$ cat my_file03.pdb   # PDB, C-alpha atoms
ATOM      1  CA  MET A  59      18.571  12.058 -45.732
ATOM      2  CA  ARG A  60      15.671   9.881 -44.640
ATOM      3  CA  ARG A  61      18.041   7.371 -43.057
ATOM      4  CA  VAL A  62      19.708  10.098 -41.023
ATOM      5  CA  GLY A  63      16.320  11.265 -39.731
ATOM      6  CA  LEU A  64      15.359   7.703 -38.814
ATOM      7  CA  ARG A  65      18.664   7.158 -37.007
ATOM      8  CA  LEU A  66      18.234  10.416 -35.144
ATOM      9  CA  LEU A  67      14.704   9.448 -34.095
ATOM     10  CA  LEU A  68      15.843   6.004 -32.930
ATOM     11  CA  SER A  69      18.734   7.579 -31.002
ATOM     12  CA  VAL A  70      16.364   9.968 -29.246
ATOM     13  CA  LEU A  71      13.991   7.089 -28.382
ATOM     14  CA  LEU A  72      16.843   4.963 -27.014
ATOM     15  CA  LEU A  73      18.169   7.862 -24.954
ATOM     16  CA  GLY A  74      14.668   8.436 -23.553
ATOM     17  CA  LEU A  75      14.300   4.783 -22.628
ATOM     18  CA  ALA A  76      17.748   4.745 -21.030
ATOM     19  CA  TRP A  77      16.860   7.853 -19.018
ATOM     20  CA  LEU A  78      13.623   6.240 -17.779
ATOM     21  CA  ALA A  79      15.390   2.996 -16.886
ATOM     22  CA  GLY A  80      18.135   4.888 -15.064
ATOM     23  CA  ARG A  81      15.573   6.918 -13.144
ATOM     24  CA  GLN A  82      13.719   3.775 -12.059
ATOM     25  CA  ALA A  83      16.970   2.062 -11.073
ATOM     26  CA  LEU A  84      18.055   5.054  -8.984
ATOM     27  CA  GLY A  85      14.622   5.245  -7.321
ATOM     28  CA  ASN A  86      14.763   1.525  -6.509
ATOM     29  CA  TYR A  87      18.264   1.893  -5.094
ATOM     30  CA  LEU A  88      17.242   4.811  -2.873
ATOM     31  CA  ALA A  89      14.228   2.848  -1.587
ATOM     32  CA  LEU A  90      16.111  -0.388  -0.760
ATOM     33  CA  ALA A  91      17.399   0.493   2.714
ATOM     34  CA  PRO A  92      14.242   2.174   4.075
ATOM     35  CA  LEU A  93      11.987  -0.602   2.743
ATOM     36  CA  ALA A  94      14.224  -3.248   4.349
ATOM     37  CA  TYR A  95      14.155  -1.311   7.629
ATOM     38  CA  LEU A  96      10.344  -1.040   7.510
ATOM     39  CA  HIS A  97      10.049  -4.769   6.856
ATOM     40  CA  ASP A  98      12.144  -5.515   9.941
ATOM     41  CA  ALA A  99      10.318  -2.852  11.992
ATOM     42  CA  GLN A 100       7.052  -4.761  11.541
ATOM     43  CA  LEU A 101       8.365  -8.095  12.763
ATOM     44  CA  PRO A 102       7.036  -9.353  16.112
ATOM     45  CA  GLY A 103       8.937  -7.812  18.998
ATOM     46  CA  ALA A 104      10.435  -5.021  16.890
ATOM     47  CA  LYS A 105      10.532  -1.589  18.487
ATOM     48  CA  PRO A 106      11.069   0.949  15.714
ATOM     49  CA  VAL A 107      12.715   4.184  16.790
ATOM     50  CA  ARG A 108      10.997   7.417  15.765
ATOM     51  CA  ALA A 109      14.225   8.944  14.412
ATOM     52  CA  ASP A 110      14.778   5.880  12.203
ATOM     53  CA  LEU A 111      11.187   6.036  10.964
ATOM     54  CA  ASP A 112      11.605   9.735  10.164
ATOM     55  CA  ALA A 113      14.806   8.909   8.276
ATOM     56  CA  ALA A 114      12.979   6.180   6.328
ATOM     57  CA  VAL A 115      10.232   8.646   5.371
ATOM     58  CA  ALA A 116      12.819  11.198   4.206
ATOM     59  CA  GLN A 117      14.678   8.593   2.121
ATOM     60  CA  LEU A 118      11.453   7.279   0.594
ATOM     61  CA  ARG A 119      10.451  10.820  -0.320
ATOM     62  CA  ARG A 120      13.769  11.179  -2.149
ATOM     63  CA  ALA A 121      13.152   7.885  -3.940
ATOM     64  CA  GLY A 122       9.627   9.035  -4.837
ATOM     65  CA  ALA A 123      10.966  12.307  -6.234
ATOM     66  CA  VAL A 124      13.266  10.326  -8.524
ATOM     67  CA  ASP A 125      10.647   7.732  -9.534
ATOM     68  CA  PRO A 126       7.121   8.944  -8.707
ATOM     69  CA  GLY A 127       5.574   5.894 -10.364
ATOM     70  CA  ASP A 128       6.893   3.314  -7.885
ATOM     71  CA  PRO A 129       4.029   1.808  -5.845
ATOM     72  CA  ASP A 130       6.496   0.233  -3.395
ATOM     73  CA  VAL A 131       7.679   3.694  -2.377
ATOM     74  CA  ALA A 132       4.111   4.884  -1.808
ATOM     75  CA  ALA A 133       3.314   1.746   0.209
ATOM     76  CA  GLY A 134       6.544   2.136   2.193
ATOM     77  CA  LEU A 135       5.575   5.691   3.095
ATOM     78  CA  GLY A 136       2.203   4.375   4.250
ATOM     79  CA  GLN A 137       3.872   1.712   6.410
ATOM     80  CA  ALA A 138       6.256   4.225   7.961
ATOM     81  CA  ARG A 139       3.444   6.624   8.761
ATOM     82  CA  LEU A 140       1.391   3.849  10.363
ATOM     83  CA  LEU A 141       4.349   2.936  12.569
ATOM     84  CA  LEU A 142       4.764   6.606  13.494
ATOM     85  CA  ALA A 143       1.027   6.899  14.201
ATOM     86  CA  ALA A 144       1.281   3.963  16.609
ATOM     87  CA  GLN A 145       3.696   6.083  18.670
ATOM     88  CA  THR A 146       1.517   9.208  18.585
ATOM     89  CA  THR A 147      -1.816  10.378  19.990
ATOM     90  CA  GLY A 148      -4.428  13.028  19.281
ATOM     91  CA  ALA A 149      -4.383  15.283  16.235
ATOM     92  CA  PRO A 150      -0.829  14.322  15.157
ATOM     93  CA  ARG A 151      -1.915  10.652  15.076
ATOM     94  CA  LEU A 152      -4.919  11.505  12.916
ATOM     95  CA  ALA A 153      -2.690  13.545  10.572
ATOM     96  CA  LEU A 154      -0.311  10.578  10.191
ATOM     97  CA  LEU A 155      -3.212   8.209   9.500
ATOM     98  CA  ASP A 156      -4.552  10.598   6.856
ATOM     99  CA  ALA A 157      -1.088  10.780   5.281
ATOM    100  CA  ALA A 158      -0.884   6.965   5.292
ATOM    101  CA  LEU A 159      -4.288   6.840   3.591
ATOM    102  CA  ARG A 160      -3.026   9.155   0.847
ATOM    103  CA  ASP A 161       0.042   6.940   0.425
ATOM    104  CA  TYR A 162      -1.980   3.735   0.140
ATOM    105  CA  ARG A 163      -4.468   5.357  -2.226
ATOM    106  CA  ARG A 164      -1.557   6.318  -4.433
ATOM    107  CA  ALA A 165      -0.054   2.817  -4.165
ATOM    108  CA  THR A 166      -3.349   1.164  -5.178
ATOM    109  CA  ALA A 167      -3.690   3.593  -8.083
ATOM    110  CA  LEU A 168      -0.193   2.646  -9.264
ATOM    111  CA  ARG A 169      -0.681  -1.101  -8.694
ATOM    112  CA  PRO A 170      -4.438  -1.763  -8.711
ATOM    113  CA  ASN A 171      -4.045  -5.545  -9.001
ATOM    114  CA  SER A 172      -2.319  -6.015  -5.616
ATOM    115  CA  PRO A 173      -4.516  -7.616  -2.941
ATOM    116  CA  TYR A 174      -1.898  -6.683  -0.341
ATOM    117  CA  LEU A 175      -2.199  -2.973  -1.093
ATOM    118  CA  TRP A 176      -6.011  -3.099  -0.978
ATOM    119  CA  ALA A 177      -5.828  -4.947   2.347
ATOM    120  CA  ALA A 178      -3.414  -2.304   3.662
ATOM    121  CA  LEU A 179      -5.770   0.477   2.558
ATOM    122  CA  MET A 180      -8.667  -1.316   4.274
ATOM    123  CA  SER A 181      -6.685  -1.701   7.514
ATOM    124  CA  THR A 182      -5.559   1.923   7.455
ATOM    125  CA  LEU A 183      -9.154   3.096   7.069
ATOM    126  CA  TYR A 184     -10.104   0.878   9.997
ATOM    127  CA  LEU A 185      -7.309   2.322  12.145
ATOM    128  CA  ARG A 186      -8.522   5.793  11.272
ATOM    129  CA  ALA A 187     -12.085   4.813  12.261
ATOM    130  CA  ARG A 188     -10.751   3.919  15.699
ATOM    131  CA  SER A 189      -9.533   7.517  16.097
ATOM    132  CA  GLN A 190     -12.468   9.265  14.445
ATOM    133  CA  PRO A 191     -15.669   7.922  12.853
ATOM    134  CA  LEU A 192     -15.441   7.388   9.121
ATOM    135  CA  SER A 193     -17.447   9.542   6.763
ATOM    136  CA  PRO A 194     -19.929   7.674   4.540
ATOM    137  CA  SER A 195     -17.490   7.899   1.622
ATOM    138  CA  GLN A 196     -14.656   6.504   3.772
ATOM    139  CA  GLY A 197     -16.901   3.659   4.919
ATOM    140  CA  ALA A 198     -17.692   2.881   1.286
ATOM    141  CA  GLU A 199     -13.975   3.032   0.488
ATOM    142  CA  LEU A 200     -13.218   0.534   3.275
ATOM    143  CA  ALA A 201     -15.894  -1.828   1.932
ATOM    144  CA  GLN A 202     -14.515  -1.491  -1.600
ATOM    145  CA  ALA A 203     -10.943  -2.122  -0.421
ATOM    146  CA  LEU A 204     -12.079  -5.262   1.420
ATOM    147  CA  ARG A 205     -13.906  -6.542  -1.678
ATOM    148  CA  ARG A 206     -10.917  -5.915  -3.937
ATOM    149  CA  ALA A 207      -8.484  -7.525  -1.504
ATOM    150  CA  VAL A 208     -10.591 -10.703  -1.439
ATOM    151  CA  ARG A 209     -11.279 -10.682  -5.182
ATOM    152  CA  LEU A 210      -7.590 -10.261  -6.065
ATOM    153  CA  GLY A 211      -6.159 -12.508  -3.339
ATOM    154  CA  PRO A 212      -8.840 -15.063  -2.477
ATOM    155  CA  TRP A 213      -6.259 -17.613  -1.294
ATOM    156  CA  GLU A 214      -3.465 -15.332  -0.046
ATOM    157  CA  PRO A 215      -3.008 -16.135   3.669
ATOM    158  CA  ASP A 216      -1.790 -12.678   4.729
ATOM    159  CA  VAL A 217      -4.646 -10.976   2.883
ATOM    160  CA  LEU A 218      -7.232 -13.349   4.337
ATOM    161  CA  LEU A 219      -5.933 -12.862   7.878
ATOM    162  CA  GLU A 220      -6.079  -9.098   7.497
ATOM    163  CA  VAL A 221      -9.601  -9.207   6.054
ATOM    164  CA  ILE A 222     -10.981 -11.499   8.765
ATOM    165  CA  SER A 223      -9.304  -9.338  11.395
ATOM    166  CA  VAL A 224     -10.769  -6.035  10.172
ATOM    167  CA  GLY A 225     -14.005  -7.165   8.518
ATOM    168  CA  PRO A 226     -16.009  -8.194  11.609
ATOM    169  CA  ALA A 227     -14.959  -5.054  13.503
ATOM    170  CA  ALA A 228     -15.994  -2.857  10.551
ATOM    171  CA  TYR A 229     -19.117  -4.893   9.745
ATOM    172  CA  ALA A 230     -21.477  -1.933  10.240
ATOM    173  CA  VAL A 231     -19.964  -0.005   7.311
ATOM    174  CA  LEU A 232     -19.830  -2.977   4.938
ATOM    175  CA  ASP A 233     -22.347  -3.235   2.133
ATOM    176  CA  ALA A 234     -23.875  -6.551   1.087
ATOM    177  CA  ARG A 235     -21.121  -7.322  -1.434
ATOM    178  CA  ALA A 236     -18.379  -6.608   1.112
ATOM    179  CA  ARG A 237     -20.137  -8.818   3.663
ATOM    180  CA  ALA A 238     -20.265 -11.606   1.089
ATOM    181  CA  ALA A 239     -16.536 -11.098   0.399
ATOM    182  CA  LEU A 240     -15.844 -11.248   4.144
ATOM    183  CA  GLN A 241     -17.765 -14.526   4.373
ATOM    184  CA  LEU A 242     -15.773 -15.933   1.440
ATOM    185  CA  ALA A 243     -12.514 -14.830   3.093
ATOM    186  CA  ALA A 244     -13.549 -16.565   6.325
ATOM    187  CA  GLN A 245     -14.343 -19.773   4.414
ATOM    188  CA  HIS A 246     -10.998 -19.688   2.616
ATOM    189  CA  ALA A 247      -9.147 -18.935   5.854
ATOM    190  CA  LEU A 248     -10.838 -21.927   7.443
ATOM    191  CA  ALA A 249      -9.982 -24.135   4.467
ATOM    192  CA  LEU A 250      -6.343 -23.045   4.765
ATOM    193  CA  GLN A 251      -6.517 -23.647   8.550
ATOM    194  CA  LEU A 252      -5.665 -20.003   9.241
ATOM    195  CA  GLN A 253      -8.341 -19.841  11.949
ATOM    196  CA  ASP A 254     -10.280 -22.222  14.144
ATOM    197  CA  GLY A 255     -13.792 -23.248  13.183
TER     198      GLY A 255
END

$ encode --input "my_file03.pdb" --output "structure tokens"
Amino acid sequence: MRRVGLRLLLSVLLLGLAWLAGRQALGNYLALAPLAYLHDAQLPGAKPVRADLDAAVAQLRRAGAVDPGDPDVAAGLGQARLLLAAQTTGAPRLALLDAALRDYRRATALRPNSPYLWAALMSTLYLRARSQPLSPSQGAELAQALRRAVRLGPWEPDVLLEVISVGPAAYAVLDARARAALQLAAQHALALQLQDG
């Protein structure tokens, strides 16, 4: 009798694991095409079409409904909304930037060890500051995102370039630790010959 109970328990556990794996695989499959499109849409000279961006958002939402724990889906939604915001002005632009912020916050919560996601959050906050001044808490969030991006990716070229692009422009909202991280990023960028002396 005990063996039957143990077999039943193991069967239930295996079925649960198979269900989770299938859900993740389906979510990944649904996200493949829109993530590939968004990658190409950010290449130099690309001119993403609004209808295609809207379709990417819709497909990523479907993927997120299937697998809500996928940080790539959340980051993809953030990317799509930033590309849409670049084609928009006024209140709709601000709404898209706020939506992108929510997406990147979710992505960093799901994958807190990614310097790329922290750099994306930092850049999105900076873009929002260009439309409307940041609140003190948003300024602190930008400084924290910059620090984490540098701490987690101190020698990652793309992260360093993003930090040294945003950091000086957002210098007024950076605390002392974020300013030190910006200085370190500039030194590493120089060592990697990513910028001129």

$ resolve_selection --input "my_file03.pdb" --expression "the PyMOL selection byres ((chain A and resi 158-163) around 6)" --output "PDB file with C-alpha atoms, keeping the file's coordinate frame"
ATOM      1  CA  ALA A 132       4.111   4.884  -1.808  1.00  0.00           C
ATOM      2  CA  ALA A 133       3.314   1.746   0.209  1.00  0.00           C
ATOM      3  CA  GLY A 136       2.203   4.375   4.250  1.00  0.00           C
ATOM      4  CA  ARG A 139       3.444   6.624   8.761  1.00  0.00           C
ATOM      5  CA  LEU A 155      -3.212   8.209   9.500  1.00  0.00           C
ATOM      6  CA  ASP A 156      -4.552  10.598   6.856  1.00  0.00           C
ATOM      7  CA  ALA A 157      -1.088  10.780   5.281  1.00  0.00           C
ATOM      8  CA  ARG A 164      -1.557   6.318  -4.433  1.00  0.00           C
ATOM      9  CA  ALA A 165      -0.054   2.817  -4.165  1.00  0.00           C
ATOM     10  CA  THR A 166      -3.349   1.164  -5.178  1.00  0.00           C
ATOM     11  CA  LEU A 179      -5.770   0.477   2.558  1.00  0.00           C
TER      12      LEU A 179
END

$ resolve_selection --input "my_file03.pdb" --expression "the PyMOL selection byres ((chain A and resi 243) around 10)" --output "list in words"
Leu204, Arg205, Ala207, Val208, Arg209, Gly211, Pro212, Trp213, Glu214, Pro215, Val217, Leu218, Leu219, Glu220, Val221, Ile222, Gly225, Arg237, Ala238, Ala239, Leu240, Gln241, Leu242, Ala244, Gln245, His246, Ala247, Leu248 and Ala249 of chain A

$ write_last_selection --input "my_file03.pdb" --atoms "C-alpha atoms" --output "tab-separated table (two decimals), in the coordinates of the input"
chain	number	residue	atom	x	y	z
A	204	LEU	CA	-12.08	-5.26	1.42
A	205	ARG	CA	-13.91	-6.54	-1.68
A	207	ALA	CA	-8.48	-7.52	-1.50
A	208	VAL	CA	-10.59	-10.70	-1.44
A	209	ARG	CA	-11.28	-10.68	-5.18
A	211	GLY	CA	-6.16	-12.51	-3.34
A	212	PRO	CA	-8.84	-15.06	-2.48
A	213	TRP	CA	-6.26	-17.61	-1.29
A	214	GLU	CA	-3.46	-15.33	-0.05
A	215	PRO	CA	-3.01	-16.14	3.67
A	217	VAL	CA	-4.65	-10.98	2.88
A	218	LEU	CA	-7.23	-13.35	4.34
A	219	LEU	CA	-5.93	-12.86	7.88
A	220	GLU	CA	-6.08	-9.10	7.50
A	221	VAL	CA	-9.60	-9.21	6.05
A	222	ILE	CA	-10.98	-11.50	8.76
A	225	GLY	CA	-14.00	-7.16	8.52
A	237	ARG	CA	-20.14	-8.82	3.66
A	238	ALA	CA	-20.26	-11.61	1.09
A	239	ALA	CA	-16.54	-11.10	0.40
A	240	LEU	CA	-15.84	-11.25	4.14
A	241	GLN	CA	-17.76	-14.53	4.37
A	242	LEU	CA	-15.77	-15.93	1.44
A	244	ALA	CA	-13.55	-16.57	6.32
A	245	GLN	CA	-14.34	-19.77	4.41
A	246	HIS	CA	-11.00	-19.69	2.62
A	247	ALA	CA	-9.15	-18.93	5.85
A	248	LEU	CA	-10.84	-21.93	7.44
A	249	ALA	CA	-9.98	-24.14	4.47

$ resolve_selection --input "my_file03.pdb" --expression "the PyMOL selection byres ((chain A and resi 114) around 8)" --output "PyMOL selection string"
chain A and resi 92-93+95-96+110-113+115-118+138

$ atom_distance --input "my_file03.pdb" --atom1 "CA of Glu199 (chain A)" --atom2 "CA of Pro129 (chain A)"
19.1 Å

$ atom_distance --input "my_file03.pdb" --atom1 "CA of Ser223 (chain A)" --atom2 "CA of Ala144 (chain A)"
17.8 Å
